[in-house]
$ cat model-v9.cif   # mmCIF, C-alpha atoms and all ligand atoms
data_data
#
loop_
_atom_site.label_atom_id
_atom_site.label_comp_id
_atom_site.auth_asym_id
_atom_site.auth_seq_id
_atom_site.Cartn_x
_atom_site.Cartn_y
_atom_site.Cartn_z
CA MET Z 446 1.74 21.21 -21.44
CA ALA Z 447 4.21 20.23 -18.67
CA LEU Z 448 2.58 17.93 -16.09
CA ASN Z 449 2.87 18.70 -12.39
CA GLY Z 450 4.50 15.99 -10.23
CA LEU Z 451 1.19 14.47 -9.17
CA ALA Z 452 -0.19 14.39 -12.72
CA SER Z 453 2.97 12.77 -13.97
CA ILE Z 454 3.11 10.00 -11.30
CA ALA Z 455 -0.64 9.42 -11.71
CA GLU Z 456 -0.09 8.91 -15.43
CA ARG Z 457 2.79 6.51 -14.74
CA CYS Z 458 0.65 4.50 -12.33
CA TYR Z 459 -2.13 4.42 -14.92
CA LYS Z 460 0.31 3.01 -17.48
CA ILE Z 461 1.62 0.43 -15.01
CA THR Z 462 -1.92 -0.70 -14.19
CA GLN Z 463 -3.08 -0.77 -17.81
CA SER Z 464 0.01 -2.65 -18.84
CA TYR Z 465 -0.64 -5.27 -16.14
CA LEU Z 466 -4.29 -5.57 -17.14
CA GLU Z 467 -3.24 -6.06 -20.77
CA ILE Z 468 -0.98 -9.05 -20.08
CA LYS Z 469 -2.45 -11.43 -22.65
CA GLU Z 470 -2.99 -15.09 -21.85
CA PRO Z 471 -1.68 -14.60 -18.32
CA PRO Z 472 1.31 -16.90 -17.80
CA THR Z 473 0.27 -17.77 -14.25
CA ALA Z 474 -3.03 -18.16 -12.41
CA ILE Z 475 -1.83 -15.54 -9.91
CA ILE Z 476 -1.60 -12.93 -12.69
CA ALA Z 477 -5.10 -13.72 -13.97
CA GLU Z 478 -6.48 -13.44 -10.42
CA THR Z 479 -4.62 -10.20 -9.81
CA GLN Z 480 -6.11 -8.73 -12.99
CA ASP Z 481 -9.56 -9.46 -11.54
CA ALA Z 482 -8.57 -7.99 -8.18
CA ILE Z 483 -7.38 -4.77 -9.86
CA LYS Z 484 -10.61 -4.47 -11.88
CA LEU Z 485 -12.73 -4.72 -8.74
CA THR Z 486 -10.61 -2.16 -6.87
CA LYS Z 487 -10.87 0.21 -9.85
CA LYS Z 488 -14.64 -0.25 -9.86
CA TYR Z 489 -14.89 0.64 -6.16
CA LEU Z 490 -12.71 3.71 -6.63
CA LEU Z 491 -14.09 5.06 -9.90
CA GLN Z 492 -17.76 4.14 -9.59
CA GLU Z 493 -18.47 4.23 -5.86
CA ILE Z 494 -15.85 6.31 -4.09
CA PHE Z 495 -14.95 9.12 -6.52
CA ASP Z 496 -18.66 9.51 -7.25
CA ARG Z 497 -19.31 10.45 -3.63
CA TRP Z 498 -16.09 12.23 -2.67
CA SER Z 499 -14.11 14.05 -5.31
CA PRO Z 500 -10.47 12.96 -5.44
CA LEU Z 501 -9.66 16.57 -6.32
CA GLY Z 502 -10.92 18.01 -3.02
CA ARG Z 503 -9.83 17.55 0.58
CA GLU Z 504 -12.58 15.15 1.68
CA ILE Z 505 -10.58 11.98 1.02
CA SER Z 506 -7.29 11.14 2.67
CA LEU Z 507 -5.11 8.03 2.32
CA SER Z 508 -3.70 6.21 5.31
CA TYR Z 509 -0.15 5.44 4.29
CA ASN Z 510 2.66 3.82 6.26
CA GLY Z 511 4.96 2.62 3.46
CA GLY Z 512 3.80 -1.02 3.77
CA LYS Z 513 3.21 -3.20 0.71
CA ASP Z 514 -0.59 -3.18 0.96
CA CYS Z 515 -1.02 0.57 1.12
CA GLN Z 516 1.57 0.96 -1.64
CA VAL Z 517 -0.46 -1.28 -3.96
CA LEU Z 518 -3.53 0.74 -3.04
CA LEU Z 519 -1.71 4.01 -3.66
CA LEU Z 520 -0.56 2.89 -7.13
CA ILE Z 521 -4.10 1.96 -8.16
CA TYR Z 522 -5.57 5.07 -6.52
CA LEU Z 523 -3.19 7.23 -8.58
CA ALA Z 524 -4.06 5.26 -11.72
CA CYS Z 525 -7.76 5.93 -11.07
CA LEU Z 526 -7.07 9.61 -10.40
CA HIS Z 527 -5.51 9.82 -13.87
CA GLU Z 528 -8.48 8.00 -15.40
CA TYR Z 529 -10.98 10.20 -13.51
CA CYS Z 530 -9.30 13.39 -14.75
CA SER Z 531 -9.00 12.13 -18.34
CA GLN Z 532 -12.74 11.41 -18.34
CA ASN Z 533 -14.02 14.44 -16.44
CA MET Z 534 -11.65 17.23 -17.41
CA PRO Z 535 -9.82 16.17 -20.60
CA GLY Z 536 -6.93 18.40 -21.59
CA GLN Z 537 -7.10 20.46 -18.41
CA PRO Z 538 -4.26 20.66 -15.90
CA LEU Z 539 -4.70 18.76 -12.64
CA PRO Z 540 -6.00 21.30 -10.07
CA VAL Z 541 -4.23 19.62 -7.13
CA LYS Z 542 -0.51 19.21 -6.57
CA ARG Z 543 -0.48 16.69 -3.72
CA LEU Z 544 -2.76 13.98 -2.31
CA ASN Z 545 -3.82 14.19 1.32
CA ALA Z 546 -2.36 11.32 3.31
CA VAL Z 547 -1.83 10.42 6.92
CA PHE Z 548 0.95 8.40 8.59
CA ILE Z 549 0.46 7.51 12.24
CA ASP Z 550 3.98 7.14 13.57
CA GLN Z 551 2.76 5.69 16.85
CA ALA Z 552 4.91 2.61 17.28
CA GLU Z 553 8.64 2.10 17.23
CA THR Z 554 9.02 1.90 13.51
CA PHE Z 555 11.95 0.64 11.46
CA THR Z 556 14.19 3.55 10.43
CA THR Z 557 14.21 2.10 6.91
CA LEU Z 558 10.41 2.23 6.82
CA GLU Z 559 10.38 5.84 8.06
CA GLN Z 560 12.98 6.73 5.44
CA PHE Z 561 10.94 4.92 2.77
CA VAL Z 562 7.83 6.89 3.77
CA GLU Z 563 9.85 10.12 3.39
CA GLU Z 564 11.13 9.09 -0.05
CA THR Z 565 7.79 7.89 -1.36
CA LYS Z 566 5.97 10.93 -0.01
CA GLU Z 567 7.93 12.85 -2.67
CA ARG Z 568 7.72 10.15 -5.33
CA TYR Z 569 3.92 9.95 -5.07
CA SER Z 570 3.32 13.66 -4.35
CA LEU Z 571 1.70 13.13 -0.97
CA SER Z 572 0.84 15.92 1.40
CA LEU Z 573 1.61 13.65 4.33
CA TYR Z 574 0.44 14.42 7.85
CA GLU Z 575 2.83 12.65 10.20
CA SER Z 576 1.51 12.26 13.71
CA GLU Z 577 3.48 13.06 16.82
CA ARG Z 578 6.87 11.98 15.41
CA GLY Z 579 9.33 11.30 18.19
CA THR Z 580 7.24 12.89 20.96
CA ASN Z 581 4.28 10.82 22.05
CA LYS Z 582 4.22 7.39 20.47
CA ASN Z 583 2.06 5.90 23.20
CA ILE Z 584 -1.27 7.18 21.99
CA SER Z 585 -3.60 4.67 20.35
CA MET Z 586 -4.37 4.54 16.63
CA ALA Z 587 -7.90 5.84 17.37
CA GLN Z 588 -6.54 8.80 19.36
CA ALA Z 589 -4.04 9.57 16.62
CA PHE Z 590 -6.78 9.60 13.96
CA ASP Z 591 -8.93 11.76 16.26
CA LYS Z 592 -6.12 14.31 16.40
CA TYR Z 593 -5.71 14.09 12.64
CA LEU Z 594 -9.40 14.84 12.11
CA THR Z 595 -9.29 17.74 14.55
CA ASP Z 596 -6.38 19.21 12.59
CA ASN Z 597 -8.00 18.35 9.22
CA PRO Z 598 -11.74 18.78 9.77
CA GLU Z 599 -12.54 18.70 6.05
CA THR Z 600 -11.61 14.99 5.91
CA LYS Z 601 -14.74 12.83 5.56
CA ALA Z 602 -13.32 9.53 4.39
CA ILE Z 603 -9.98 7.74 4.75
CA VAL Z 604 -8.70 5.12 2.34
CA VAL Z 605 -7.15 2.12 4.10
CA GLY Z 606 -5.08 -0.72 2.62
CA ILE Z 607 -6.55 -3.42 4.82
CA ARG Z 608 -7.31 -6.92 3.43
CA HIS Z 609 -9.81 -9.58 4.53
CA THR Z 610 -6.94 -11.83 5.59
CA ASP Z 611 -5.69 -9.23 8.11
CA PRO Z 612 -6.70 -9.76 11.76
CA PHE Z 613 -10.37 -8.91 12.49
CA ALA Z 614 -10.92 -7.91 8.86
CA GLN Z 615 -12.90 -10.90 7.61
CA HIS Z 616 -16.28 -9.14 7.69
CA LEU Z 617 -15.27 -5.63 6.68
CA LYS Z 618 -16.94 -3.89 3.73
CA PRO Z 619 -15.41 -1.64 1.08
CA ILE Z 620 -17.18 1.42 2.50
CA GLN Z 621 -18.16 1.59 6.14
CA ARG Z 622 -18.25 3.89 9.15
CA THR Z 623 -15.68 3.52 11.89
CA ASP Z 624 -16.51 1.33 14.93
CA ASP Z 625 -17.44 2.59 18.38
CA GLY Z 626 -14.44 3.99 20.18
CA TRP Z 627 -13.09 5.53 16.99
CA PRO Z 628 -13.58 9.07 15.69
CA ASP Z 629 -16.39 9.17 13.17
CA PHE Z 630 -15.32 8.93 9.53
CA LEU Z 631 -15.89 6.63 6.58
CA ARG Z 632 -13.34 3.93 6.00
CA LEU Z 633 -12.77 3.26 2.32
CA GLN Z 634 -11.27 -0.22 1.90
CA PRO Z 635 -10.98 -1.05 -1.79
CA ILE Z 636 -8.36 -3.84 -1.58
CA LEU Z 637 -10.12 -6.03 0.99
CA HIS Z 638 -10.36 -8.89 -1.53
CA TRP Z 639 -6.64 -8.94 -2.39
CA LYS Z 640 -4.56 -12.00 -1.51
CA LEU Z 641 -0.90 -11.85 -0.52
CA ALA Z 642 0.25 -13.36 -3.83
CA GLN Z 643 -1.70 -10.72 -5.76
CA VAL Z 644 -0.08 -7.90 -3.77
CA TRP Z 645 3.40 -9.19 -4.62
CA SER Z 646 2.56 -9.93 -8.24
CA PHE Z 647 1.41 -6.39 -8.95
CA LEU Z 648 4.05 -4.68 -6.83
CA LEU Z 649 6.94 -6.63 -8.36
CA TYR Z 650 5.59 -6.09 -11.87
CA SER Z 651 5.27 -2.34 -11.23
CA GLY Z 652 9.04 -2.07 -10.76
CA GLU Z 653 8.34 0.65 -8.17
CA PRO Z 654 10.73 0.93 -5.22
CA ILE Z 655 9.53 -1.05 -2.22
CA CYS Z 656 10.54 -0.83 1.43
CA GLY Z 657 13.93 -2.51 1.99
CA ILE Z 658 12.75 -4.34 5.13
CA TYR Z 659 10.89 -6.78 2.88
CA SER Z 660 14.17 -7.74 1.20
CA VAL Z 661 15.57 -9.36 4.37
CA GLY Z 662 12.83 -11.89 5.17
CA PHE Z 663 10.01 -9.74 6.56
CA THR Z 664 6.48 -10.23 5.24
CA SER Z 665 4.43 -7.74 7.29
CA LEU Z 666 5.76 -4.75 9.20
CA GLY Z 667 4.76 -3.95 12.77
CA ASP Z 668 6.87 -2.19 15.36
CA ILE Z 669 10.51 -3.20 15.73
CA SER Z 670 10.24 -5.05 19.02
CA HIS Z 671 7.40 -7.27 17.75
CA THR Z 672 8.44 -7.91 14.16
CA LEU Z 673 10.89 -10.58 13.07
CA PRO Z 674 11.83 -12.18 9.77
CA ASN Z 675 9.23 -14.79 8.84
CA SER Z 676 10.54 -18.25 9.81
CA HIS Z 677 8.83 -19.78 6.76
CA LEU Z 678 11.32 -17.85 4.62
CA ARG Z 679 14.37 -19.56 6.07
CA ILE Z 680 16.50 -20.67 3.13
CA SER Z 681 16.59 -24.13 4.70
CA ASN Z 682 12.80 -24.36 4.08
CA SER Z 683 13.47 -23.84 0.32
CA PRO Z 684 10.56 -21.51 -0.48
CA SER Z 685 10.26 -20.95 -4.22
CA LEU Z 686 9.86 -17.74 -6.21
CA ARG Z 687 6.42 -17.46 -7.84
CA PHE Z 688 7.03 -14.09 -9.52
CA GLN Z 689 9.86 -14.74 -11.95
CA TRP Z 690 7.68 -13.62 -14.86
CA GLU Z 691 6.68 -10.35 -13.16
CA ILE Z 692 10.32 -9.47 -12.39
CA GLU Z 693 11.53 -10.38 -15.88
CA HIS Z 694 8.77 -8.34 -17.53
CA SER Z 695 8.51 -5.53 -14.99
CA PHE Z 696 7.17 -2.18 -16.13
CA SER Z 697 10.46 -0.47 -15.28
CA GLY Z 698 12.11 -2.77 -17.84
CA ASP Z 699 15.26 -3.56 -15.86
CA GLN Z 700 14.28 -6.98 -14.44
CA THR Z 701 15.20 -5.86 -10.93
CA VAL Z 702 13.33 -5.61 -7.65
CA HIS Z 703 14.01 -2.11 -6.37
CA CYS Z 704 14.25 -2.17 -2.59
CA SER Z 705 15.10 0.90 -0.56
CA ALA Z 706 18.45 0.76 1.27
CA LEU Z 707 18.49 -0.50 4.86
CA CYS Z 708 19.49 2.34 7.14
CA GLY Z 709 20.21 3.11 10.80
CA ASP Z 710 20.16 0.04 13.06
CA ASP Z 711 18.31 -1.88 10.35
CA VAL Z 712 21.60 -2.44 8.50
CA HIS Z 713 22.14 -5.33 10.93
CA LEU Z 714 19.06 -7.07 9.55
CA GLN Z 715 21.03 -7.97 6.41
CA ASN Z 716 21.40 -11.75 6.52
CA HIS Z 717 22.04 -14.92 4.55
CA GLU Z 718 19.39 -16.98 6.30
CA TYR Z 719 16.14 -15.64 4.93
CA LEU Z 720 14.74 -15.14 1.46
CA PRO Z 721 12.87 -11.89 0.68
CA GLY Z 722 9.26 -11.36 1.75
CA TRP Z 723 7.88 -11.99 -1.73
CA TYR Z 724 8.84 -15.69 -1.52
CA LEU Z 725 5.83 -16.14 0.77
CA VAL Z 726 2.39 -16.44 -0.84
CA ASP Z 727 0.36 -18.18 1.87
CA ASP Z 728 -1.92 -15.59 3.49
CA THR Z 729 -2.22 -17.63 6.66
CA LEU Z 730 1.55 -17.35 7.23
CA GLU Z 731 1.92 -13.66 6.36
CA ARG Z 732 2.00 -12.44 9.97
CA CYS Z 733 4.19 -15.20 11.35
CA GLY Z 734 6.98 -12.65 11.88
CA ARG Z 735 4.69 -10.39 13.93
CA ASN Z 736 4.66 -11.44 17.59
CA LYS Z 737 1.77 -10.66 19.86
CA ARG Z 738 2.50 -8.09 22.57
P1 LIG Z 801 2.26 -4.92 5.85
O1 LIG Z 801 1.16 -5.90 6.22
O2 LIG Z 801 3.31 -5.55 5.02
O3 LIG Z 801 2.81 -4.22 7.06
P2 LIG Z 801 0.66 -2.60 5.27
O4 LIG Z 801 1.32 -1.82 6.38
O5 LIG Z 801 0.30 -1.84 4.06
O6 LIG Z 801 1.55 -3.82 4.87
P3 LIG Z 801 -1.17 -3.50 7.35
O7 LIG Z 801 -0.06 -3.43 8.33
O8 LIG Z 801 -2.01 -4.73 7.30
O9 LIG Z 801 -0.67 -3.29 5.84
O10 LIG Z 801 -2.12 -2.24 7.59
C1 LIG Z 801 -3.32 -2.13 6.83
C2 LIG Z 801 -3.51 -0.69 6.38
O11 LIG Z 801 -3.76 0.15 7.52
C3 LIG Z 801 -2.31 -0.06 5.70
O12 LIG Z 801 -2.26 -0.43 4.34
C4 LIG Z 801 -2.59 1.43 5.90
O13 LIG Z 801 -3.56 1.90 4.97
C5 LIG Z 801 -3.21 1.43 7.29
N1 LIG Z 801 -2.18 1.67 8.31
C6 LIG Z 801 -1.60 0.74 9.11
N2 LIG Z 801 -0.72 1.31 9.93
C7 LIG Z 801 -0.74 2.64 9.65
C8 LIG Z 801 -0.06 3.78 10.18
N3 LIG Z 801 0.83 3.64 11.15
N4 LIG Z 801 -0.33 4.99 9.64
C9 LIG Z 801 -1.23 5.13 8.65
N5 LIG Z 801 -1.91 4.09 8.13
C10 LIG Z 801 -1.68 2.87 8.62
#

$ encode --input "model-v9.cif" --output "structure tokens" --more "lines below"
Ligand code: ATP
Amino acid sequence: MALNGLASIAERCYKITQSYLEIKEPPTAIIAETQDAIKLTKKYLLQEIFDRWSPLGREISLSYNGGKDCQVLLLIYLACLHEYCSQNMPGQPLPVKRLNAVFIDQAETFTTLEQFVEETKERYSLSLYESERGTNKNISMAQAFDKYLTDNPETKAIVVGIRHTDPFAQHLKPIQRTDDGWPDFLRLQPILHWKLAQVWSFLLYSGEPICGIYSVGFTSLGDISHTLPNSHLRISNSPSLRFQWEIEHSFSGDQTVHCSALCGDDVHLQNHEYLPGWYLVDDTLERCGRNKR
């Protein structure tokens, strides 16, 4: 039976995740810790989230902006979708063709990131709602999600790739209602416990394409006017690569980090001063390239 695009990428993500979990006698402490992080995320998704909201219906949506955290989450979500279907409907074709997802294009975003979102929307079979592109970027995140829910009233819960080390995220829980001032929905946050090093370890091992902005010294992506390369990645600071093993043994088998091409004005970000984003593993320094407004 030929697999539809979603079934086929879900199976690939399952194989990537399994292969990572099966790394025997993990060569680094980061890999062992990442294996534990993946297991906990899988538990949240398979035992708590998919039990309450079917991943085959329209109740769950993924918030996706092409950043590294939501990409890790998407890979594991797809892996769990494959596992859920294998357990609950073995041998049957996947009844959905695309996953509901939402991208709030509210800030001045890097062209390369927008292009990456377009490319990965196809790669990961997302039915991506893109808010207000090019017209009204001044509305708040909460207003944008309100509009999304008005246009997609069947959505009950949104999966978010936020981590405890992100601003104001220290006390968040894996499943919780939105705060006052936000439209009412459940936030599903299954990678809260992930550390920066774990994100890079899994992403680099996956061999999946990642957004090219990370290749030129950026570690976290905000809007263009408030995001700079991370000064801790200056070559003169000699940061060292902690993920040699992951790159050499990557699932894609070609020992390469696949970054999307820089495009538009972002081409000028190419430089010889900064090492790529994955040379940084200290969570407390992750947002050093993101200036306050
Ligand atoms: P990075 O920190 O490298 O930018 P990221 O964008 O995945 O990676 P955050 O910026 O910390 O992570 O955002 C946390 C999560 O919030 C994202 O993973 C995503 O799920 C959600 N999110 C953030 N911005 C948007 C957006 N503009 N549209 C949709 N979801 C978003």

$ residues_near_ligand --input "model-v9.cif" --ligand "ligand LIG 801 (chain Z)" --cutoff "7 Å" --atoms "only C-alpha atoms and all ligand atoms" --output "PyMOL selection string"
chain Z and resi 507-516+547-551+604-608+611+664-667

$ residues_around --input "model-v9.cif" --residues "Val517 of chain Z" --least-positions-apart "5" --cutoff "8 Å" --atoms "only C-alpha atoms" --output "list in words"
Val644, Phe647 and Leu648 of chain Z

$ write_last_selection --input "model-v9.cif" --atoms "C-alpha atoms" --output "PDB file, in the coordinates of the input"
ATOM      1  CA  VAL Z 644      -0.080  -7.900  -3.770  1.00  0.00           C
ATOM      2  CA  PHE Z 647       1.410  -6.390  -8.950  1.00  0.00           C
ATOM      3  CA  LEU Z 648       4.050  -4.680  -6.830  1.00  0.00           C
TER       4      LEU Z 648
END

$ residues_around --input "model-v9.cif" --residues "Leu491 of chain Z" --least-positions-apart "6" --cutoff "9 Å" --atoms "all atoms listed in the file" --output "NGL selection string"
:Z and (525-526 or 528-529)

$ closest_residue --input "model-v9.cif" --among "Z:Phe630, Z:Tyr650, Z:Phe561, Z:Tyr659" --to "Ser697 of chain Z" --atoms "only C-alpha atoms"
Z:Tyr650

$ residues_around --input "model-v9.cif" --residues "Ser585 of chain Z" --least-positions-apart "4" --cutoff "12 Å" --atoms "all atoms listed in the file" --output "PDB file with C-alpha atoms, in the frame of the given file"
ATOM      1  CA  ILE Z 549       0.460   7.510  12.240  1.00  0.00           C
ATOM      2  CA  ASP Z 550       3.980   7.140  13.570  1.00  0.00           C
ATOM      3  CA  GLN Z 551       2.760   5.690  16.850  1.00  0.00           C
ATOM      4  CA  ALA Z 552       4.910   2.610  17.280  1.00  0.00           C
ATOM      5  CA  SER Z 576       1.510  12.260  13.710  1.00  0.00           C
ATOM      6  CA  GLU Z 577       3.480  13.060  16.820  1.00  0.00           C
ATOM      7  CA  ASN Z 581       4.280  10.820  22.050  1.00  0.00           C
ATOM      8  CA  ALA Z 589      -4.040   9.570  16.620  1.00  0.00           C
ATOM      9  CA  PHE Z 590      -6.780   9.600  13.960  1.00  0.00           C
ATOM     10  CA  ASP Z 591      -8.930  11.760  16.260  1.00  0.00           C
ATOM     11  CA  LYS Z 592      -6.120  14.310  16.400  1.00  0.00           C
ATOM     12  CA  GLY Z 626     -14.440   3.990  20.180  1.00  0.00           C
ATOM     13  CA  TRP Z 627     -13.090   5.530  16.990  1.00  0.00           C
ATOM     14  CA  PRO Z 628     -13.580   9.070  15.690  1.00  0.00           C
TER      15      PRO Z 628
END

$ residues_around --input "model-v9.cif" --residues "Gly652 of chain Z" --least-positions-apart "3" --cutoff "8 Å" --atoms "all atoms listed in the file" --output "ChimeraX atom specification"
/Z:648-649,692,695-698,701-703

$ atom_distance --input "model-v9.cif" --atom1 "atom CA of Leu448 of chain Z" --atom2 "atom CA of Asp699 of chain Z"
25.0 Å

$ closest_atom_pairs --input "model-v9.cif" --of "segment 631-737 of chain Z" --to "segment 471-476 of chain Z" --cutoff "8 Å" --atoms "only C-alpha atoms" --output "Markdown table"
| residue | atom | partner | partner_atom | distance |
| --- | --- | --- | --- | --- |
| Z:Ala642 | CA | Z:Ile475 | CA | 6.8 |
| Z:Gln643 | CA | Z:Ile475 | CA | 6.4 |
| Z:Ser646 | CA | Z:Ile476 | CA | 6.8 |
| Z:Trp690 | CA | Z:Pro472 | CA | 7.7 |

$ write_last_selection --input "model-v9.cif" --atoms "C-alpha atoms" --output "PDB file, keeping the file's coordinate frame"
ATOM      1  CA  ALA Z 642       0.250 -13.360  -3.830  1.00  0.00           C
ATOM      2  CA  GLN Z 643      -1.700 -10.720  -5.760  1.00  0.00           C
ATOM      3  CA  SER Z 646       2.560  -9.930  -8.240  1.00  0.00           C
ATOM      4  CA  TRP Z 690       7.680 -13.620 -14.860  1.00  0.00           C
TER       5      TRP Z 690
END

$ closest_atom_pairs --input "model-v9.cif" --of "segment 619-729 of chain Z" --to "segment 564-575 of chain Z" --cutoff "12 Å" --atoms "all atoms listed in the file" --output "CSV"
residue,atom,partner,partner_atom,distance
Z:Glu653,CA,Z:Arg568,CA,9.9
Z:Pro654,CA,Z:Thr565,CA,8.5
Z:Ile655,CA,Z:Thr565,CA,9.1
Z:Cys656,CA,Z:Thr565,CA,9.6
Z:Cys704,CA,Z:Glu564,CA,12.0
Z:Ser705,CA,Z:Glu564,CA,9.1
Z:Ala706,CA,Z:Glu564,CA,11.2

$ residues_around --input "model-v9.cif" --residues "segment 553-559 of chain Z" --least-positions-apart "5" --cutoff "7 Å" --atoms "all atoms listed in the file" --output "PyMOL selection string"
chain Z and resi 511+656-658+668-669+707-709+711

$ write_last_selection --input "model-v9.cif" --atoms "C-alpha atoms" --output "PDB file, in the frame of the given file"
ATOM      1  CA  GLY Z 511       4.960   2.620   3.460  1.00  0.00           C
ATOM      2  CA  CYS Z 656      10.540  -0.830   1.430  1.00  0.00           C
ATOM      3  CA  GLY Z 657      13.930  -2.510   1.990  1.00  0.00           C
ATOM      4  CA  ILE Z 658      12.750  -4.340   5.130  1.00  0.00           C
ATOM      5  CA  ASP Z 668       6.870  -2.190  15.360  1.00  0.00           C
ATOM      6  CA  ILE Z 669      10.510  -3.200  15.730  1.00  0.00           C
ATOM      7  CA  LEU Z 707      18.490  -0.500   4.860  1.00  0.00           C
ATOM      8  CA  CYS Z 708      19.490   2.340   7.140  1.00  0.00           C
ATOM      9  CA  GLY Z 709      20.210   3.110  10.800  1.00  0.00           C
ATOM     10  CA  ASP Z 711      18.310  -1.880  10.350  1.00  0.00           C
TER      11      ASP Z 711
END

$ closest_residue --input "model-v9.cif" --among "Z:Gln492, Z:Ser464, Z:Asn675, Z:Thr729" --to "Pro612 of chain Z" --atoms "all atoms listed in the file"
Z:Thr729

$ atom_distance --input "model-v9.cif" --atom1 "atom CA of Thr623 of chain Z" --atom2 "atom CA of Ile603 of chain Z"
10.1 Å

$ axis_aligned_box --input "model-v9.cif" --around "segment 680-699 of chain Z" --padding-each-side "5 Å" --output "JSON"
{"center_x": 11.5, "center_y": -12.4, "center_z": -6.6, "size_x": 20.2, "size_y": 33.9, "size_z": 32.5}

$ build_atoms --input "model-v9.cif" --residues "segment 559-564 of chain Z" --atoms "all heavy atoms" --output "PDB file, in the frame of the given file"
ATOM      1  N   GLU Z 559      10.598   4.387   7.947  1.00  0.00           N
ATOM      2  CA  GLU Z 559      10.380   5.840   8.060  1.00  0.00           C
ATOM      3  C   GLU Z 559      11.038   6.571   6.894  1.00  0.00           C
ATOM      4  O   GLU Z 559      10.464   7.487   6.307  1.00  0.00           O
ATOM      5  CB  GLU Z 559      10.934   6.358   9.391  1.00  0.00           C
ATOM      6  CG  GLU Z 559      10.068   5.940  10.566  1.00  0.00           C
ATOM      7  CD  GLU Z 559      10.538   6.493  11.905  1.00  0.00           C
ATOM      8  OE1 GLU Z 559      11.752   6.731  12.055  1.00  0.00           O
ATOM      9  OE2 GLU Z 559       9.699   6.681  12.787  1.00  0.00           O
ATOM     10  N   GLN Z 560      12.249   6.116   6.566  1.00  0.00           N
ATOM     11  CA  GLN Z 560      12.980   6.730   5.440  1.00  0.00           C
ATOM     12  C   GLN Z 560      12.225   6.481   4.118  1.00  0.00           C
ATOM     13  O   GLN Z 560      12.108   7.364   3.265  1.00  0.00           O
ATOM     14  CB  GLN Z 560      14.390   6.121   5.393  1.00  0.00           C
ATOM     15  CG  GLN Z 560      15.285   6.628   4.281  1.00  0.00           C
ATOM     16  CD  GLN Z 560      15.583   8.108   4.413  1.00  0.00           C
ATOM     17  OE1 GLN Z 560      15.651   8.635   5.522  1.00  0.00           O
ATOM     18  NE2 GLN Z 560      15.696   8.799   3.277  1.00  0.00           N
ATOM     19  N   PHE Z 561      11.689   5.274   3.985  1.00  0.00           N
ATOM     20  CA  PHE Z 561      10.940   4.920   2.770  1.00  0.00           C
ATOM     21  C   PHE Z 561       9.680   5.801   2.656  1.00  0.00           C
ATOM     22  O   PHE Z 561       9.333   6.271   1.567  1.00  0.00           O
ATOM     23  CB  PHE Z 561      10.557   3.439   2.812  1.00  0.00           C
ATOM     24  CG  PHE Z 561       9.829   2.975   1.580  1.00  0.00           C
ATOM     25  CD1 PHE Z 561      10.498   2.813   0.372  1.00  0.00           C
ATOM     26  CD2 PHE Z 561       8.468   2.704   1.623  1.00  0.00           C
ATOM     27  CE1 PHE Z 561       9.825   2.397  -0.770  1.00  0.00           C
ATOM     28  CE2 PHE Z 561       7.786   2.281   0.490  1.00  0.00           C
ATOM     29  CZ  PHE Z 561       8.471   2.134  -0.713  1.00  0.00           C
ATOM     30  N   VAL Z 562       9.014   6.023   3.791  1.00  0.00           N
ATOM     31  CA  VAL Z 562       7.830   6.890   3.770  1.00  0.00           C
ATOM     32  C   VAL Z 562       8.237   8.295   3.302  1.00  0.00           C
ATOM     33  O   VAL Z 562       7.550   8.910   2.472  1.00  0.00           O
ATOM     34  CB  VAL Z 562       7.157   6.936   5.177  1.00  0.00           C
ATOM     35  CG1 VAL Z 562       6.116   8.030   5.255  1.00  0.00           C
ATOM     36  CG2 VAL Z 562       6.520   5.588   5.496  1.00  0.00           C
ATOM     37  N   GLU Z 563       9.380   8.790   3.810  1.00  0.00           N
ATOM     38  CA  GLU Z 563       9.850  10.120   3.390  1.00  0.00           C
ATOM     39  C   GLU Z 563      10.108  10.168   1.886  1.00  0.00           C
ATOM     40  O   GLU Z 563       9.716  11.112   1.203  1.00  0.00           O
ATOM     41  CB  GLU Z 563      11.161  10.477   4.130  1.00  0.00           C
ATOM     42  CG  GLU Z 563      10.972  10.877   5.568  1.00  0.00           C
ATOM     43  CD  GLU Z 563      10.009  12.051   5.735  1.00  0.00           C
ATOM     44  OE1 GLU Z 563      10.222  13.085   5.096  1.00  0.00           O
ATOM     45  OE2 GLU Z 563       9.032  11.907   6.493  1.00  0.00           O
ATOM     46  N   GLU Z 564      10.786   9.114   1.382  1.00  0.00           N
ATOM     47  CA  GLU Z 564      11.130   9.090  -0.050  1.00  0.00           C
ATOM     48  C   GLU Z 564       9.874   8.996  -0.917  1.00  0.00           C
ATOM     49  O   GLU Z 564       9.728   9.681  -1.934  1.00  0.00           O
ATOM     50  CB  GLU Z 564      12.048   7.902  -0.365  1.00  0.00           C
ATOM     51  CG  GLU Z 564      13.455   8.088   0.161  1.00  0.00           C
ATOM     52  CD  GLU Z 564      14.222   6.761   0.248  1.00  0.00           C
ATOM     53  OE1 GLU Z 564      13.768   5.741  -0.341  1.00  0.00           O
ATOM     54  OE2 GLU Z 564      15.251   6.748   0.922  1.00  0.00           O
TER      55      GLU Z 564
END
